[in-house]
file coords_21.pdb (PDB, C-alpha atoms)
ATOM      1  CA  ASP A   1    -116.349 151.685 162.196
ATOM      2  CA  SER A   2    -113.708 153.140 159.875
ATOM      3  CA  PRO A   3    -111.666 151.413 157.137
ATOM      4  CA  GLU A   4    -108.525 152.379 159.067
ATOM      5  CA  GLN A   5    -109.650 150.292 162.044
ATOM      6  CA  HIS A   6    -110.671 147.275 159.985
ATOM      7  CA  THR A   7    -108.021 147.071 157.265
ATOM      8  CA  GLY A   8    -105.534 149.890 157.934
ATOM      9  CA  GLY A   9    -107.163 152.021 155.220
ATOM     10  CA  THR A  10    -109.703 151.467 152.460
ATOM     11  CA  ARG A  11    -109.373 148.010 150.895
ATOM     12  CA  GLY A  12    -110.807 147.332 147.461
ATOM     13  CA  LEU A  13    -111.609 143.939 145.923
ATOM     14  CA  ILE A  14    -111.513 143.079 142.204
ATOM     15  CA  MET A  15    -113.744 140.039 141.749
ATOM     16  CA  GLY A  16    -114.053 137.584 138.873
ATOM     17  CA  GLY A  17    -114.566 138.790 135.320
ATOM     18  CA  GLY A  18    -113.394 137.778 131.879
ATOM     19  CA  HIS A  19    -115.166 136.878 128.646
ATOM     20  CA  PRO A  20    -115.378 134.323 127.124
ATOM     21  CA  ASN A  21    -112.862 132.753 129.518
ATOM     22  CA  VAL A  22    -113.972 133.551 133.051
ATOM     23  CA  THR A  23    -112.055 133.593 136.322
ATOM     24  CA  SER A  24    -112.966 133.004 139.962
ATOM     25  CA  THR A  25    -109.986 134.892 141.358
ATOM     26  CA  VAL A  26    -110.343 137.824 143.742
ATOM     27  CA  ARG A  27    -107.518 140.358 144.062
ATOM     28  CA  PHE A  28    -107.210 143.332 146.415
ATOM     29  CA  ILE A  29    -105.588 146.746 146.591
ATOM     30  CA  GLU A  30    -105.170 149.390 149.270
ATOM     31  CA  VAL A  31    -107.067 152.260 147.642
ATOM     32  CA  ASP A  32    -105.213 155.149 149.284
ATOM     33  CA  THR A  33    -101.768 153.877 148.255
ATOM     34  CA  THR A  34    -100.415 152.940 144.833
ATOM     35  CA  GLY A  35     -99.041 149.616 143.666
ATOM     36  CA  ASN A  36     -99.984 146.294 142.137
ATOM     37  CA  ASP A  37    -102.855 144.131 143.334
ATOM     38  CA  GLN A  38    -102.435 141.133 145.642
ATOM     39  CA  THR A  39    -104.081 137.730 146.012
ATOM     40  CA  PHE A  40    -107.239 137.643 148.161
ATOM     41  CA  GLY A  41    -108.953 134.318 147.345
ATOM     42  CA  ASP A  42    -111.609 132.898 145.030
ATOM     43  CA  LEU A  43    -115.299 133.313 144.369
ATOM     44  CA  THR A  44    -117.506 130.266 144.853
ATOM     45  CA  ALA A  45    -117.317 129.752 141.057
ATOM     46  CA  GLY A  46    -115.742 131.424 138.041
ATOM     47  CA  THR A  47    -117.851 134.474 137.245
ATOM     48  CA  GLY A  48    -117.629 136.584 134.086
ATOM     49  CA  ARG A  49    -119.725 139.617 133.226
ATOM     50  CA  LEU A  50    -120.190 140.696 136.814
ATOM     51  CA  VAL A  51    -119.826 144.261 135.478
ATOM     52  CA  ASN A  52    -120.886 146.468 138.432
ATOM     53  CA  ALA A  53    -122.202 143.594 140.543
ATOM     54  CA  GLY A  54    -119.950 144.369 143.519
ATOM     55  CA  PHE A  55    -120.975 146.244 146.668
ATOM     56  CA  GLY A  56    -119.975 146.317 150.319
ATOM     57  CA  SER A  57    -120.601 147.260 153.920
ATOM     58  CA  ARG A  58    -117.869 148.422 156.288
ATOM     59  CA  THR A  59    -116.966 144.810 157.017
ATOM     60  CA  ARG A  60    -118.129 142.627 154.099
ATOM     61  CA  GLY A  61    -117.634 142.617 150.342
ATOM     62  CA  PHE A  62    -120.330 141.127 148.078
ATOM     63  CA  ALA A  63    -120.708 139.838 144.517
ATOM     64  CA  ALA A  64    -124.135 139.061 143.047
ATOM     65  CA  GLY A  65    -125.070 137.310 139.828
ATOM     66  CA  GLY A  66    -122.677 137.079 136.918
ATOM     67  CA  GLY A  67    -121.920 134.560 134.204
ATOM     68  CA  ALA A  68    -121.243 130.942 135.093
ATOM     69  CA  PRO A  69    -118.116 129.101 133.829
ATOM     70  CA  SER A  70    -117.709 128.004 130.193
ATOM     71  CA  THR A  71    -121.210 128.850 128.962
ATOM     72  CA  ASN A  72    -121.248 132.293 130.645
ATOM     73  CA  SER A  73    -124.893 131.645 131.447
ATOM     74  CA  PRO A  74    -126.180 133.734 134.367
ATOM     75  CA  THR A  75    -126.173 132.678 138.007
ATOM     76  CA  ASN A  76    -128.454 133.697 140.881
ATOM     77  CA  VAL A  77    -125.810 133.348 143.618
ATOM     78  CA  ILE A  78    -125.038 136.135 146.101
ATOM     79  CA  GLN A  79    -121.669 135.592 147.830
ATOM     80  CA  GLN A  80    -119.594 137.458 150.406
ATOM     81  CA  HIS A  81    -116.362 137.650 152.385
ATOM     82  CA  GLU A  82    -114.971 139.863 155.152
ATOM     83  CA  PHE A  83    -112.625 142.620 153.965
ATOM     84  CA  ALA A  84    -110.274 142.273 156.932
ATOM     85  CA  SER A  85    -109.148 138.734 156.111
ATOM     86  CA  THR A  86    -108.231 136.970 152.905
ATOM     87  CA  GLY A  87    -109.711 133.726 151.650
ATOM     88  CA  ASN A  88    -112.442 132.250 149.518
ATOM     89  CA  PHE A  89    -115.932 133.729 149.299
ATOM     90  CA  ASN A  90    -118.968 132.090 150.938
ATOM     91  CA  ASP A  91    -122.595 131.712 149.886
ATOM     92  CA  PHE A  92    -124.910 134.445 151.246
ATOM     93  CA  GLY A  93    -128.216 133.692 149.491
ATOM     94  CA  ASP A  94    -129.881 133.855 146.079
ATOM     95  CA  LEU A  95    -131.379 136.380 143.705
ATOM     96  CA  SER A  96    -134.934 135.740 142.554
ATOM     97  CA  SER A  97    -133.570 134.733 139.129
ATOM     98  CA  ALA A  98    -130.230 134.149 137.390
ATOM     99  CA  ARG A  99    -128.682 137.395 136.089
ATOM    100  CA  ASN A 100    -125.493 138.919 134.779
ATOM    101  CA  GLU A 101    -124.460 142.488 133.842
ATOM    102  CA  MET A 102    -126.069 143.650 137.084
ATOM    103  CA  SER A 103    -125.885 147.158 138.585
ATOM    104  CA  ASN A 104    -125.420 147.049 142.349
ATOM    105  CA  LEU A 105    -124.835 149.631 145.098
ATOM    106  CA  SER A 106    -125.151 149.963 148.873
ATOM    107  CA  ASP A 107    -125.195 152.132 151.947
ATOM    108  CA  ALA A 108    -123.836 150.849 155.266
ATOM    109  CA  THR A 109    -126.804 148.504 155.816
ATOM    110  CA  ARG A 110    -128.494 147.516 152.595
ATOM    111  CA  GLY A 111    -127.286 146.215 149.216
ATOM    112  CA  VAL A 112    -129.492 147.174 146.243
ATOM    113  CA  MET A 113    -129.305 145.273 142.941
ATOM    114  CA  GLY A 114    -130.514 146.267 139.466
ATOM    115  CA  MET A 115    -131.355 142.953 137.874
ATOM    116  CA  GLY A 116    -129.364 143.221 134.658
ATOM    117  CA  TYR A 117    -129.474 140.757 131.793
ATOM    118  CA  PRO A 118    -131.420 138.818 130.579
ATOM    119  CA  ALA A 119    -133.570 141.897 131.228
ATOM    120  CA  THR A 120    -137.041 140.404 130.857
ATOM    121  CA  ASN A 121    -138.133 142.854 133.543
ATOM    122  CA  ASN A 122    -136.847 146.070 135.132
ATOM    123  CA  GLY A 123    -136.721 144.774 138.708
ATOM    124  CA  ILE A 124    -134.580 145.938 141.614
ATOM    125  CA  GLU A 125    -133.936 143.731 144.667
ATOM    126  CA  TYR A 126    -132.149 144.215 147.984
ATOM    127  CA  ILE A 127    -130.536 142.413 150.898
ATOM    128  CA  THR A 128    -129.629 143.374 154.453
ATOM    129  CA  MET A 129    -125.871 142.849 154.419
ATOM    130  CA  ALA A 130    -125.437 142.005 158.112
ATOM    131  CA  SER A 131    -127.674 138.935 157.792
ATOM    132  CA  GLU A 132    -127.804 136.082 155.297
ATOM    133  CA  GLY A 133    -130.649 135.181 153.000
ATOM    134  CA  ASP A 134    -132.246 135.691 149.603
ATOM    135  CA  SER A 135    -132.881 139.090 148.028
ATOM    136  CA  VAL A 136    -136.378 140.603 148.052
ATOM    137  CA  ASP A 137    -138.195 143.128 145.859
ATOM    138  CA  PHE A 138    -137.225 146.818 146.149
ATOM    139  CA  GLY A 139    -138.976 148.434 143.157
ATOM    140  CA  ASP A 140    -138.385 149.018 139.454
ATOM    141  CA  MET A 141    -136.125 150.841 137.053
ATOM    142  CA  GLY A 142    -137.944 153.103 134.587
ATOM    143  CA  VAL A 143    -136.622 150.941 131.727
ATOM    144  CA  ALA A 144    -134.992 147.519 131.920
ATOM    145  CA  THR A 145    -131.285 148.378 131.630
ATOM    146  CA  SER A 146    -128.083 146.370 132.139
ATOM    147  CA  GLY A 147    -124.368 147.192 132.282
ATOM    148  CA  ARG A 148    -124.830 150.448 134.227
ATOM    149  CA  GLY A 149    -122.442 152.449 136.381
ATOM    150  CA  THR A 150    -123.381 152.635 140.070
ATOM    151  CA  MET A 151    -122.714 155.321 142.688
ATOM    152  CA  SER A 152    -124.006 155.735 146.244
ATOM    153  CA  SER A 153    -123.994 158.311 149.010
ATOM    154  CA  PRO A 154    -125.225 157.448 152.531
ATOM    155  CA  THR A 155    -128.803 158.169 151.397
ATOM    156  CA  ARG A 156    -129.005 157.911 147.618
ATOM    157  CA  GLY A 157    -128.069 155.424 144.910
ATOM    158  CA  VAL A 158    -127.545 156.427 141.268
ATOM    159  CA  MET A 159    -127.431 154.071 138.270
ATOM    160  CA  SER A 160    -126.010 155.590 135.098
ATOM    161  CA  SER A 161    -125.756 154.849 131.363
ATOM    162  CA  GLY A 162    -126.021 151.209 130.236
ATOM    163  CA  GLU A 163    -127.935 149.311 127.594
ATOM    164  CA  THR A 164    -131.734 149.276 127.557
ATOM    165  CA  HIS A 165    -133.739 146.203 126.588
ATOM    166  CA  GLY A 166    -137.097 147.546 125.496
ATOM    167  CA  GLY A 167    -137.475 145.293 122.449
ATOM    168  CA  SER A 168    -134.172 146.533 120.999
ATOM    169  CA  PHE A 169    -130.739 147.167 122.509
ATOM    170  CA  VAL A 170    -130.077 150.901 122.890
ATOM    171  CA  ILE A 171    -127.059 152.419 124.650
ATOM    172  CA  THR A 172    -128.249 155.262 126.851
ATOM    173  CA  ASN A 173    -126.851 158.275 128.735
ATOM    174  CA  THR A 174    -129.664 158.472 131.296
ATOM    175  CA  MET A 175    -129.149 158.446 135.075
ATOM    176  CA  ASP A 176    -131.774 157.350 137.629
ATOM    177  CA  TYR A 177    -131.732 157.459 141.421
ATOM    178  CA  LEU A 178    -133.375 155.890 144.455
ATOM    179  CA  THR A 179    -133.337 156.384 148.222
ATOM    180  CA  ILE A 180    -131.538 153.320 149.571
ATOM    181  CA  SER A 181    -133.280 153.098 152.969
ATOM    182  CA  THR A 182    -136.801 153.071 151.437
ATOM    183  CA  LEU A 183    -138.582 150.927 148.860
ATOM    184  CA  GLY A 184    -139.864 152.195 145.529
ATOM    185  CA  ASN A 185    -139.144 152.883 141.877
ATOM    186  CA  MET A 186    -136.221 154.845 140.450
ATOM    187  CA  THR A 187    -136.596 158.494 139.396
ATOM    188  CA  ASP A 188    -134.796 160.486 136.697
ATOM    189  CA  PHE A 189    -131.573 162.185 137.880
ATOM    190  CA  GLY A 190    -130.225 163.694 134.646
ATOM    191  CA  ASP A 191    -127.999 162.693 131.743
ATOM    192  CA  CYS A 192    -124.383 161.575 131.432
ATOM    193  CA  VAL A 193    -122.070 163.418 129.049
ATOM    194  CA  ARG A 194    -121.712 160.260 126.943
ATOM    195  CA  ALA A 195    -123.973 157.318 126.158
ATOM    196  CA  VAL A 196    -121.967 154.218 127.113
ATOM    197  CA  ARG A 197    -122.416 150.681 128.376
ATOM    198  CA  TYR A 198    -120.189 148.946 130.970
ATOM    199  CA  PRO A 199    -118.737 152.101 132.553
ATOM    200  CA  ALA A 200    -116.818 151.986 135.845
ATOM    201  CA  ALA A 201    -118.311 154.286 138.496
ATOM    202  CA  ILE A 202    -118.003 155.059 142.222
ATOM    203  CA  ALA A 203    -118.834 157.873 144.667
ATOM    204  CA  ASN A 204    -117.785 159.330 147.970
ATOM    205  CA  ALA A 205    -120.459 160.922 150.163
ATOM    206  CA  VAL A 206    -120.574 164.049 147.982
ATOM    207  CA  ARG A 207    -119.564 163.372 144.382
ATOM    208  CA  GLY A 208    -119.980 160.484 141.951
ATOM    209  CA  VAL A 209    -117.508 159.785 139.122
ATOM    210  CA  GLN A 210    -117.768 157.600 136.035
ATOM    211  CA  ALA A 211    -115.174 156.573 133.431
ATOM    212  CA  MET A 212    -114.659 154.239 130.481
ATOM    213  CA  GLY A 213    -117.422 152.312 128.739
ATOM    214  CA  GLY A 214    -118.651 152.725 125.182
ATOM    215  CA  SER A 215    -120.461 151.114 122.296
ATOM    216  CA  PRO A 216    -119.572 147.642 120.962
ATOM    217  CA  ASN A 217    -116.720 148.959 118.793
ATOM    218  CA  SER A 218    -115.843 152.319 120.350
ATOM    219  CA  PHE A 219    -114.745 153.011 123.921
ATOM    220  CA  THR A 220    -113.743 156.111 125.854
ATOM    221  CA  ASN A 221    -111.099 157.104 128.395
ATOM    222  CA  GLN A 222    -113.039 160.165 129.548
ATOM    223  CA  ILE A 223    -114.175 160.773 133.144
ATOM    224  CA  GLU A 224    -117.307 162.679 134.227
ATOM    225  CA  PHE A 225    -118.868 163.583 137.582
ATOM    226  CA  ILE A 226    -122.108 164.447 139.378
ATOM    227  CA  THR A 227    -123.025 165.898 142.767
ATOM    228  CA  MET A 228    -124.948 163.157 144.568
ATOM    229  CA  ALA A 229    -127.326 165.348 146.623
ATOM    230  CA  THR A 230    -128.608 167.348 143.624
ATOM    231  CA  LEU A 231    -130.240 166.495 140.318
ATOM    232  CA  GLY A 232    -128.802 167.401 136.922
ATOM    233  CA  ASP A 233    -126.511 166.395 134.106
ATOM    234  CA  ALA A 234    -122.947 165.117 134.541
ATOM    235  CA  GLN A 235    -119.924 167.312 133.796
ATOM    236  CA  ASP A 236    -116.508 166.577 132.337
ATOM    237  CA  PHE A 237    -113.824 165.661 134.912
ATOM    238  CA  GLY A 238    -110.766 164.732 132.805
ATOM    239  CA  ASP A 239    -109.238 161.676 131.127
ATOM    240  CA  LEU A 240    -107.705 158.388 132.181
ATOM    241  CA  VAL A 241    -103.940 158.280 131.833
ATOM    242  CA  MET A 242    -103.776 155.445 129.354
ATOM    243  CA  SER A 243    -104.379 155.924 125.657
ATOM    244  CA  ASP A 244    -106.239 152.612 125.315
ATOM    245  CA  ASN A 245    -109.970 153.166 125.754
ATOM    246  CA  ASP A 246    -111.665 150.460 127.792
ATOM    247  CA  TYR A 247    -114.756 149.181 129.592
ATOM    248  CA  GLY A 248    -116.071 147.104 132.452
ATOM    249  CA  GLY A 249    -113.058 146.707 134.703
ATOM    250  CA  GLY A 250    -114.555 147.563 138.069
ATOM    251  CA  CYS A 251    -114.129 150.646 140.235
ATOM    252  CA  LEU A 252    -112.999 150.968 143.859
ATOM    253  CA  GLY A 253    -113.398 154.013 146.091
ATOM    254  CA  SER A 254    -112.372 155.626 149.376
ATOM    255  CA  PRO A 255    -113.679 158.903 150.834
ATOM    256  CA  THR A 256    -111.057 160.755 148.789
ATOM    257  CA  ARG A 257    -110.008 158.580 145.862
ATOM    258  CA  ALA A 258    -111.451 156.532 142.984
ATOM    259  CA  VAL A 259    -109.462 153.722 141.326
ATOM    260  CA  PHE A 260    -110.556 152.591 137.855
ATOM    261  CA  CYS A 261    -109.446 149.096 136.826
ATOM    262  CA  THR A 262    -109.384 148.397 133.100
ATOM    263  CA  GLY A 263    -111.223 145.461 131.610
ATOM    264  CA  ASN A 264    -108.980 144.421 128.721
ATOM    265  CA  TYR A 265    -105.588 145.462 130.034
ATOM    266  CA  THR A 266    -103.572 145.378 133.261
ATOM    267  CA  HIS A 267    -103.805 149.056 134.145
ATOM    268  CA  ALA A 268    -105.345 150.829 137.118
ATOM    269  CA  ASN A 269    -105.775 154.625 137.257
ATOM    270  CA  TYR A 270    -106.759 156.844 140.170
ATOM    271  CA  ILE A 271    -108.190 160.310 140.732
ATOM    272  CA  GLN A 272    -108.849 162.515 143.749
ATOM    273  CA  ILE A 273    -112.641 162.648 143.671
ATOM    274  CA  MET A 274    -113.129 166.243 144.860
ATOM    275  CA  THR A 275    -110.795 167.739 142.235
ATOM    276  CA  THR A 276    -110.993 167.684 138.447
ATOM    277  CA  GLY A 277    -108.236 166.741 136.016
ATOM    278  CA  ASN A 278    -106.604 163.722 134.426
ATOM    279  CA  ALA A 279    -106.042 160.439 136.247
ATOM    280  CA  ALA A 280    -102.638 159.138 137.383
ATOM    281  CA  ASP A 281    -101.212 155.626 137.222
ATOM    282  CA  PHE A 282    -102.016 153.420 140.238
ATOM    283  CA  GLY A 283    -100.306 150.145 139.307
ATOM    284  CA  ASP A 284    -101.133 146.866 137.607
ATOM    285  CA  ILE A 285    -103.982 144.442 138.156
ATOM    286  CA  GLN A 286    -104.302 140.813 137.159
ATOM    287  CA  ASP A 287    -105.494 140.610 133.551
ATOM    288  CA  ARG A 288    -109.280 140.169 133.230
ATOM    289  CA  GLN A 289    -109.348 139.876 129.444
ATOM    290  CA  GLY A 290    -112.841 140.756 128.230
ATOM    291  CA  GLY A 291    -113.755 142.855 131.266
ATOM    292  CA  GLY A 292    -116.680 142.392 133.569
ATOM    293  CA  ALA A 293    -114.912 142.246 136.950
ATOM    294  CA  GLY A 294    -116.924 143.334 139.966
ATOM    295  CA  GLY A 295    -115.423 145.887 142.339
ATOM    296  CA  CYS A 296    -116.199 146.821 145.963
ATOM    297  CA  SER A 297    -114.516 148.518 148.920
ATOM    298  CA  ASN A 298    -115.021 149.215 152.615
ATOM    299  CA  GLY A 299    -114.659 152.973 152.158
ATOM    300  CA  HIS A 300    -117.135 153.941 149.414
ATOM    301  CA  GLY A 301    -119.546 156.866 149.606
ATOM    302  CA  GLY A 302    -122.563 154.936 150.799
ATOM    303  CA  LEU A 303    -120.817 154.283 154.110
ATOM    304  CA  GLY A 304    -120.712 157.975 155.032
TER     305      GLY A 304
END
call {"tool": "encode", "arguments": {"input": "coords_21.pdb", "output": "structure tokens"}}
result
Amino acid sequence: DSPEQHTGGTRGLIMGGGHPNVTSTVRFIEVDTTGNDQTFGDLTAGTGRLVNAGFGSRTRGFAAGGGAPSTNSPTNVIQQHEFASTGNFNDFGDLSSARNEMSNLSDATRGVMGMGYPATNNGIEYITMASEGDSVDFGDMGVATSGRGTMSSPTRGVMSSGETHGGSFVITNTMDYLTISTLGNMTDFGDCVRAVRYPAAIANAVRGVQAMGGSPNSFTNQIEFITMATLGDAQDFGDLVMSDNDYGGGCLGSPTRAVFCTGNYTHANYIQIMTTGNAADFGDIQDRQGGGAGGCSNGHGGLG
């Protein structure tokens, strides 16, 4: 049941993205190495503004929601593919409504999805990843929020930052958490160092890290971290290696490493999660101009 047995190490997928021109392409990297991404296959349709809509089990990678081609209008499709092979994604089931800018996370069994934009409600839904079918109700976020960072340990999921939709659009630094194996509403975790939307975030079983994101005209290259099993505010970790601030490029993780993929450029950076300090260059990824790619791996913190 380890990534080494399935794919020779942790494999990460970079799925869709782009705005206003969207792409259906899926690329992959080996998280614990360095180097450029490689061709994996295609999503069922071109999907922009996935943001953090990717999640995975030990064997399957998933993408949920996102913007449809040309119009970038939301879709309700949940799709999946096995990490160990390459090829095109397949239909898994449907969300209760069409959404983009979703905030999704998982443990080894269950995928949990914050319903994103258009945020007419603050709903959370879930699927059992080993089966196929439509998502069902999990609970609610405290405030309807889209474009959040997502981190998971084997027991707990954290959604961070984002843009609230309570009658006006407000970029927030709040973090909320839930227990993945139960049902219920999210509870306050603490605050991020910075209020941003469209950050890239990931966790191992102990620590969660978040980077990038920003306001509509100002983005950051700073990285911050939390301890998943506690409550409290995030702390500064370091900076991404590139000077260009960015947002929404997807994040891929192994038990030791986080890889941040930029949204507007072709850069990928990595850090060792249990240290602090500045990121190092990983390699290049296929350009997803406008951001919004979904990321997932078969070695993230929710898998233990």
call {"tool": "residues_near_point", "arguments": {"input": "coords_21.pdb", "point": "(-128.0, 133.1, 148.1)", "cutoff": "8 Å", "atoms": "all atoms listed in the file", "output": "list in words"}}
result
Asn76, Val77, Ile78, Gln79, Asp91, Phe92, Gly93, Asp94, Leu95, Glu132, Gly133, Asp134 and Ser135 of chain A
call {"tool": "write_last_selection", "arguments": {"input": "coords_21.pdb", "atoms": "C-alpha atoms", "output": "PDB file, in the coordinates of the input"}}
result
ATOM      1  CA  ASN A  76    -128.454 133.697 140.881  1.00  0.00           C
ATOM      2  CA  VAL A  77    -125.810 133.348 143.618  1.00  0.00           C
ATOM      3  CA  ILE A  78    -125.038 136.135 146.101  1.00  0.00           C
ATOM      4  CA  GLN A  79    -121.669 135.592 147.830  1.00  0.00           C
ATOM      5  CA  ASP A  91    -122.595 131.712 149.886  1.00  0.00           C
ATOM      6  CA  PHE A  92    -124.910 134.445 151.246  1.00  0.00           C
ATOM      7  CA  GLY A  93    -128.216 133.692 149.491  1.00  0.00           C
ATOM      8  CA  ASP A  94    -129.881 133.855 146.079  1.00  0.00           C
ATOM      9  CA  LEU A  95    -131.379 136.380 143.705  1.00  0.00           C
ATOM     10  CA  GLU A 132    -127.804 136.082 155.297  1.00  0.00           C
ATOM     11  CA  GLY A 133    -130.649 135.181 153.000  1.00  0.00           C
ATOM     12  CA  ASP A 134    -132.246 135.691 149.603  1.00  0.00           C
ATOM     13  CA  SER A 135    -132.881 139.090 148.028  1.00  0.00           C
TER      14      SER A 135
END
call {"tool": "residues_around", "arguments": {"input": "coords_21.pdb", "residues": "segment 16-30 of chain A", "least_positions_apart": "4", "cutoff": "6 Å", "atoms": "all atoms listed in the file", "output": "count of residues only"}}
result
21
call {"tool": "resolve_selection", "arguments": {"input": "coords_21.pdb", "expression": "the PyMOL selection byres ((chain A and resi 250) around 10)", "output": "PDB file with C-alpha atoms, keeping the file's coordinate frame"}}
result
ATOM      1  CA  LEU A  13    -111.609 143.939 145.923  1.00  0.00           C
ATOM      2  CA  ILE A  14    -111.513 143.079 142.204  1.00  0.00           C
ATOM      3  CA  MET A  15    -113.744 140.039 141.749  1.00  0.00           C
ATOM      4  CA  GLY A  17    -114.566 138.790 135.320  1.00  0.00           C
ATOM      5  CA  LEU A  50    -120.190 140.696 136.814  1.00  0.00           C
ATOM      6  CA  VAL A  51    -119.826 144.261 135.478  1.00  0.00           C
ATOM      7  CA  ASN A  52    -120.886 146.468 138.432  1.00  0.00           C
ATOM      8  CA  ALA A  53    -122.202 143.594 140.543  1.00  0.00           C
ATOM      9  CA  GLY A  54    -119.950 144.369 143.519  1.00  0.00           C
ATOM     10  CA  GLY A 149    -122.442 152.449 136.381  1.00  0.00           C
ATOM     11  CA  TYR A 198    -120.189 148.946 130.970  1.00  0.00           C
ATOM     12  CA  PRO A 199    -118.737 152.101 132.553  1.00  0.00           C
ATOM     13  CA  ALA A 200    -116.818 151.986 135.845  1.00  0.00           C
ATOM     14  CA  ALA A 201    -118.311 154.286 138.496  1.00  0.00           C
ATOM     15  CA  ILE A 202    -118.003 155.059 142.222  1.00  0.00           C
ATOM     16  CA  TYR A 247    -114.756 149.181 129.592  1.00  0.00           C
ATOM     17  CA  GLY A 248    -116.071 147.104 132.452  1.00  0.00           C
ATOM     18  CA  GLY A 249    -113.058 146.707 134.703  1.00  0.00           C
ATOM     19  CA  CYS A 251    -114.129 150.646 140.235  1.00  0.00           C
ATOM     20  CA  LEU A 252    -112.999 150.968 143.859  1.00  0.00           C
ATOM     21  CA  VAL A 259    -109.462 153.722 141.326  1.00  0.00           C
ATOM     22  CA  PHE A 260    -110.556 152.591 137.855  1.00  0.00           C
ATOM     23  CA  CYS A 261    -109.446 149.096 136.826  1.00  0.00           C
ATOM     24  CA  THR A 262    -109.384 148.397 133.100  1.00  0.00           C
ATOM     25  CA  GLY A 263    -111.223 145.461 131.610  1.00  0.00           C
ATOM     26  CA  ALA A 268    -105.345 150.829 137.118  1.00  0.00           C
ATOM     27  CA  GLY A 291    -113.755 142.855 131.266  1.00  0.00           C
ATOM     28  CA  GLY A 292    -116.680 142.392 133.569  1.00  0.00           C
ATOM     29  CA  ALA A 293    -114.912 142.246 136.950  1.00  0.00           C
ATOM     30  CA  GLY A 294    -116.924 143.334 139.966  1.00  0.00           C
ATOM     31  CA  GLY A 295    -115.423 145.887 142.339  1.00  0.00           C
ATOM     32  CA  CYS A 296    -116.199 146.821 145.963  1.00  0.00           C
TER      33      CYS A 296
END
call {"tool": "closest_atom_pairs", "arguments": {"input": "coords_21.pdb", "of": "segment 149-263 of chain A", "to": "segment 105-108 of chain A", "cutoff": "8 Å", "atoms": "all atoms listed in the file", "output": "JSON lines"}}
result
{"residue": "A:Thr150", "atom": "CA", "partner": "A:Leu105", "partner_atom": "CA", "distance": 6.0}
{"residue": "A:Met151", "atom": "CA", "partner": "A:Leu105", "partner_atom": "CA", "distance": 6.5}
{"residue": "A:Ser152", "atom": "CA", "partner": "A:Leu105", "partner_atom": "CA", "distance": 6.3}
{"residue": "A:Ser153", "atom": "CA", "partner": "A:Asp107", "partner_atom": "CA", "distance": 6.9}
{"residue": "A:Pro154", "atom": "CA", "partner": "A:Asp107", "partner_atom": "CA", "distance": 5.3}
{"residue": "A:Thr155", "atom": "CA", "partner": "A:Asp107", "partner_atom": "CA", "distance": 7.1}
{"residue": "A:Gly157", "atom": "CA", "partner": "A:Leu105", "partner_atom": "CA", "distance": 6.6}
{"residue": "A:Ile180", "atom": "CA", "partner": "A:Asp107", "partner_atom": "CA", "distance": 6.9}
call {"tool": "resolve_selection", "arguments": {"input": "coords_21.pdb", "expression": "the PyMOL selection byres ((chain A and resi 284) around 7)", "output": "VMD selection string"}}
result
chain A and resid 35 to 37 266 to 268 283 285 to 286
call {"tool": "residues_around", "arguments": {"input": "coords_21.pdb", "residues": "Leu178 of chain A", "least_positions_apart": "5", "cutoff": "9 Å", "atoms": "all atoms listed in the file", "output": "JSON, numbers by chain"}}
result
{"A": [155, 156, 157, 158, 159, 183, 184, 185, 186, 187]}
call {"tool": "atom_distance", "arguments": {"input": "coords_21.pdb", "atom1": "atom CA of Ile271 of chain A", "atom2": "atom CA of Arg58 of chain A"}}
result
21.8 Å
call {"tool": "closest_residue", "arguments": {"input": "coords_21.pdb", "among": "A:Gly116, A:Gly208, A:Gly238, A:Gly190", "to": "Met141 of chain A", "atoms": "all atoms listed in the file"}}
result
A:Gly116
call {"tool": "closest_residue", "arguments": {"input": "coords_21.pdb", "among": "A:Ala211, A:Met129, A:Val206, A:Leu303", "to": "Thr230 of chain A", "atoms": "only C-alpha atoms"}}
result
A:Val206
call {"tool": "resolve_selection", "arguments": {"input": "coords_21.pdb", "expression": "the PyMOL selection byres ((chain A and resi 254) around 8)", "output": "list in words"}}
result
Thr10, Val31, Asp32, Asn204, Leu252, Gly253, Pro255, Thr256, Arg257, Ala258, Ser297, Asn298, Gly299, His300 and Gly301 of chain A
call {"tool": "write_last_selection", "arguments": {"input": "coords_21.pdb", "atoms": "C-alpha atoms", "output": "PDB file, in the coordinates of the input"}}
result
ATOM      1  CA  THR A  10    -109.703 151.467 152.460  1.00  0.00           C
ATOM      2  CA  VAL A  31    -107.067 152.260 147.642  1.00  0.00           C
ATOM      3  CA  ASP A  32    -105.213 155.149 149.284  1.00  0.00           C
ATOM      4  CA  ASN A 204    -117.785 159.330 147.970  1.00  0.00           C
ATOM      5  CA  LEU A 252    -112.999 150.968 143.859  1.00  0.00           C
ATOM      6  CA  GLY A 253    -113.398 154.013 146.091  1.00  0.00           C
ATOM      7  CA  PRO A 255    -113.679 158.903 150.834  1.00  0.00           C
ATOM      8  CA  THR A 256    -111.057 160.755 148.789  1.00  0.00           C
ATOM      9  CA  ARG A 257    -110.008 158.580 145.862  1.00  0.00           C
ATOM     10  CA  ALA A 258    -111.451 156.532 142.984  1.00  0.00           C
ATOM     11  CA  SER A 297    -114.516 148.518 148.920  1.00  0.00           C
ATOM     12  CA  ASN A 298    -115.021 149.215 152.615  1.00  0.00           C
ATOM     13  CA  GLY A 299    -114.659 152.973 152.158  1.00  0.00           C
ATOM     14  CA  HIS A 300    -117.135 153.941 149.414  1.00  0.00           C
ATOM     15  CA  GLY A 301    -119.546 156.866 149.606  1.00  0.00           C
TER      16      GLY A 301
END
call {"tool": "closest_residue", "arguments": {"input": "coords_21.pdb", "among": "A:Ile226, A:Ala203, A:Arg110, A:Gly213", "to": "Thr172 of chain A", "atoms": "all atoms listed in the file"}}
result
A:Gly213
call {"tool": "closest_residue", "arguments": {"input": "coords_21.pdb", "among": "A:Ser2, A:Thr86, A:Ser146, A:Ser215", "to": "Ala195 of chain A", "atoms": "only C-alpha atoms"}}
result
A:Ser215
